[in-house]
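Participant: Got a structure for you, questions after.
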Amino acid sequence: PLSGGGDGSDLEGLTLEEVRADPVGSRGAIVTWELQKISLERADAGRVEFAAGEPYLLMRPADLGTGRFVYVTIPEGSVQDAQDFAPLERFTVRGRVRAGASPITGGPVIELIEMVRSRGPR
């Protein structure tokens with residue numbers, strides 16, 4: 001599994017909809033979501049919620065279909081592993097909400113704590 005930093009929070013277990021409904025109040029919350037990988041990206045200078053060049057996974061909620069995005073920042077040391085993930089592969093992702101709503105898509109940005117491949121058919 002990939003892992004990043006993180007130490008826990010008073011806010012845990014929020015759903016994607018709860019984060020979207022309160023993007024400011026959900027900042028710092030620990031969330032665990034089932035997500036599908038879309039692509040591995042690097043932030044450009046225009047992405048204010050990221051450091052320039054920071055690696056992230058563009059993902060989507062596994063059971064909500066298209067049109068919703070979640071950005072999962074990953075440590076530089078995990079980029080090589082993330083390159084091997086298949087498109088639409090499912091993961092259970094635990095992370096801390098950095099931004100409840102990206103200015104570009106409205107999707108949350110979370111900092112990776114742990115990410116585990118989902119097993120079995122879905």
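The way I read the labels, and the way they are meant: chains A, B, ... in the order of the structure tokens, residue 1 as the first residue of every chain, and ligand 1 as the first ligand shown, with later ones counted on from there.
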Please extract the residues of stretch 5-62 of chain A with a backbone DSSP assignment of helix (DSSP H, G or I) and present them as a list in words.
Facilitator: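 So the helix (DSSP H, G or I) residues in stretch 5-62 of chain A would be Leu16, Glu17, Glu18, Val19, Arg20 and Ala21 of chain A.
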Participant: Near A:Met115, within 12 Å and counting only C-alpha atoms, which residues show up once chain neighbours fewer than 6 positions away are dropped, as a VMD selection string?
Facilitator: chain A and resid 1 to 5 31 to 37 57 72 to 75 78 81 to 82 85 89 to 95
Participant: To one decimal place, how far is atom CA of A:Leu40 from atom CA of A:Asp63 in Å?
Facilitator: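 If I compute the distance from atom CA of A:Leu40 to atom CA of A:Asp63, I get 20.2 Å.
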Participant: What's around stretch 18-29 of chain A at 7 Å? Count only C-alpha atoms, leave out sequence neighbours fewer than 3 positions away in its own chain, and write the answer as an mmCIF file with N, CA, C and O atoms, in the first residue's frame.
Facilitator:
```cif
data_model
loop_
_atom_site.group_PDB
_atom_site.id
_atom_site.type_symbol
_atom_site.label_atom_id
_atom_site.label_comp_id
_atom_site.auth_asym_id
_atom_site.auth_seq_id
_atom_site.Cartn_x
_atom_site.Cartn_y
_atom_site.Cartn_z
ATOM 1 N N SER A 9 -7.453 13.196 13.525
ATOM 2 C CA SER A 9 -8.218 14.423 13.552
ATOM 3 C C SER A 9 -9.486 14.208 14.355
ATOM 4 O O SER A 9 -9.930 13.087 14.545
ATOM 5 N N LEU A 11 -12.295 15.257 13.240
ATOM 6 C CA LEU A 11 -13.300 15.003 12.216
ATOM 7 C C LEU A 11 -12.900 13.750 11.457
ATOM 8 O O LEU A 11 -11.912 13.735 10.752
ATOM 9 N N GLU A 12 -13.681 12.704 11.583
ATOM 10 C CA GLU A 12 -13.400 11.473 10.838
ATOM 11 C C GLU A 12 -14.682 10.933 10.254
ATOM 12 O O GLU A 12 -15.760 11.138 10.801
ATOM 13 N N LEU A 14 -16.256 11.521 7.338
ATOM 14 C CA LEU A 14 -17.151 12.307 6.494
ATOM 15 C C LEU A 14 -17.286 11.656 5.120
ATOM 16 O O LEU A 14 -16.329 11.113 4.577
ATOM 17 N N THR A 15 -18.470 11.746 4.543
ATOM 18 C CA THR A 15 -18.684 11.270 3.181
ATOM 19 C C THR A 15 -18.245 12.349 2.198
ATOM 20 O O THR A 15 -18.056 13.519 2.575
ATOM 21 N N ARG A 96 -6.296 13.083 4.613
ATOM 22 C CA ARG A 96 -6.715 14.295 5.312
ATOM 23 C C ARG A 96 -7.149 15.327 4.275
ATOM 24 O O ARG A 96 -6.446 15.570 3.296
ATOM 25 N N VAL A 97 -8.309 15.927 4.492
ATOM 26 C CA VAL A 97 -8.831 16.928 3.564
ATOM 27 C C VAL A 97 -7.958 18.183 3.628
ATOM 28 O O VAL A 97 -7.852 18.824 4.670
ATOM 29 N N ARG A 98 -7.299 18.488 2.513
ATOM 30 C CA ARG A 98 -6.496 19.708 2.397
ATOM 31 C C ARG A 98 -7.387 20.861 1.941
ATOM 32 O O ARG A 98 -7.273 21.988 2.419
ATOM 33 N N ALA A 99 -8.223 20.592 0.967
ATOM 34 C CA ALA A 99 -9.159 21.586 0.442
ATOM 35 C C ALA A 99 -10.466 20.863 0.154
ATOM 36 O O ALA A 99 -10.469 19.845 -0.532
ATOM 37 N N GLY A 100 -11.557 21.377 0.687
ATOM 38 C CA GLY A 100 -12.845 20.722 0.489
ATOM 39 C C GLY A 100 -13.378 20.845 -0.917
ATOM 40 O O GLY A 100 -14.209 20.057 -1.339
ATOM 41 N N ALA A 101 -12.885 21.845 -1.664
ATOM 42 C CA ALA A 101 -13.362 22.052 -3.032
ATOM 43 C C ALA A 101 -12.268 22.710 -3.871
ATOM 44 O O ALA A 101 -11.844 23.818 -3.585
#
```
Participant: Just list as a PyMOL selection string whatever in stretch 27-90 of chain A DSSP marks as strand (DSSP E or B).
Facilitator: chain A and resi 30-42+55-61+70-73+90
Participant: List as number ranges by chain the protein and nucleic acid residues near A:Tyr71, meaning an atom at most 9 Å away when only C-alpha atoms are counted, but skip any in the same chain fewer than 3 places from it.
Facilitator: A: 56-60, 102, 107-111
Participant: Hey, what's within 10 Å of A:Asp44 if we count only C-alpha atoms and toss same-chain stuff fewer than 6 positions away? As a list in words, please?
Facilitator: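 That gives Phe50, Ala51, Ala52, Gly53, Glu54 and Pro55 of chain A.
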Participant: How many Å lie between atom CA of A:Ala45 and atom CA of A:Ile113, rounded to one decimal?
Facilitator: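 About the pair atom CA of A:Ala45 and atom CA of A:Ile113: they are 24.1 Å apart.
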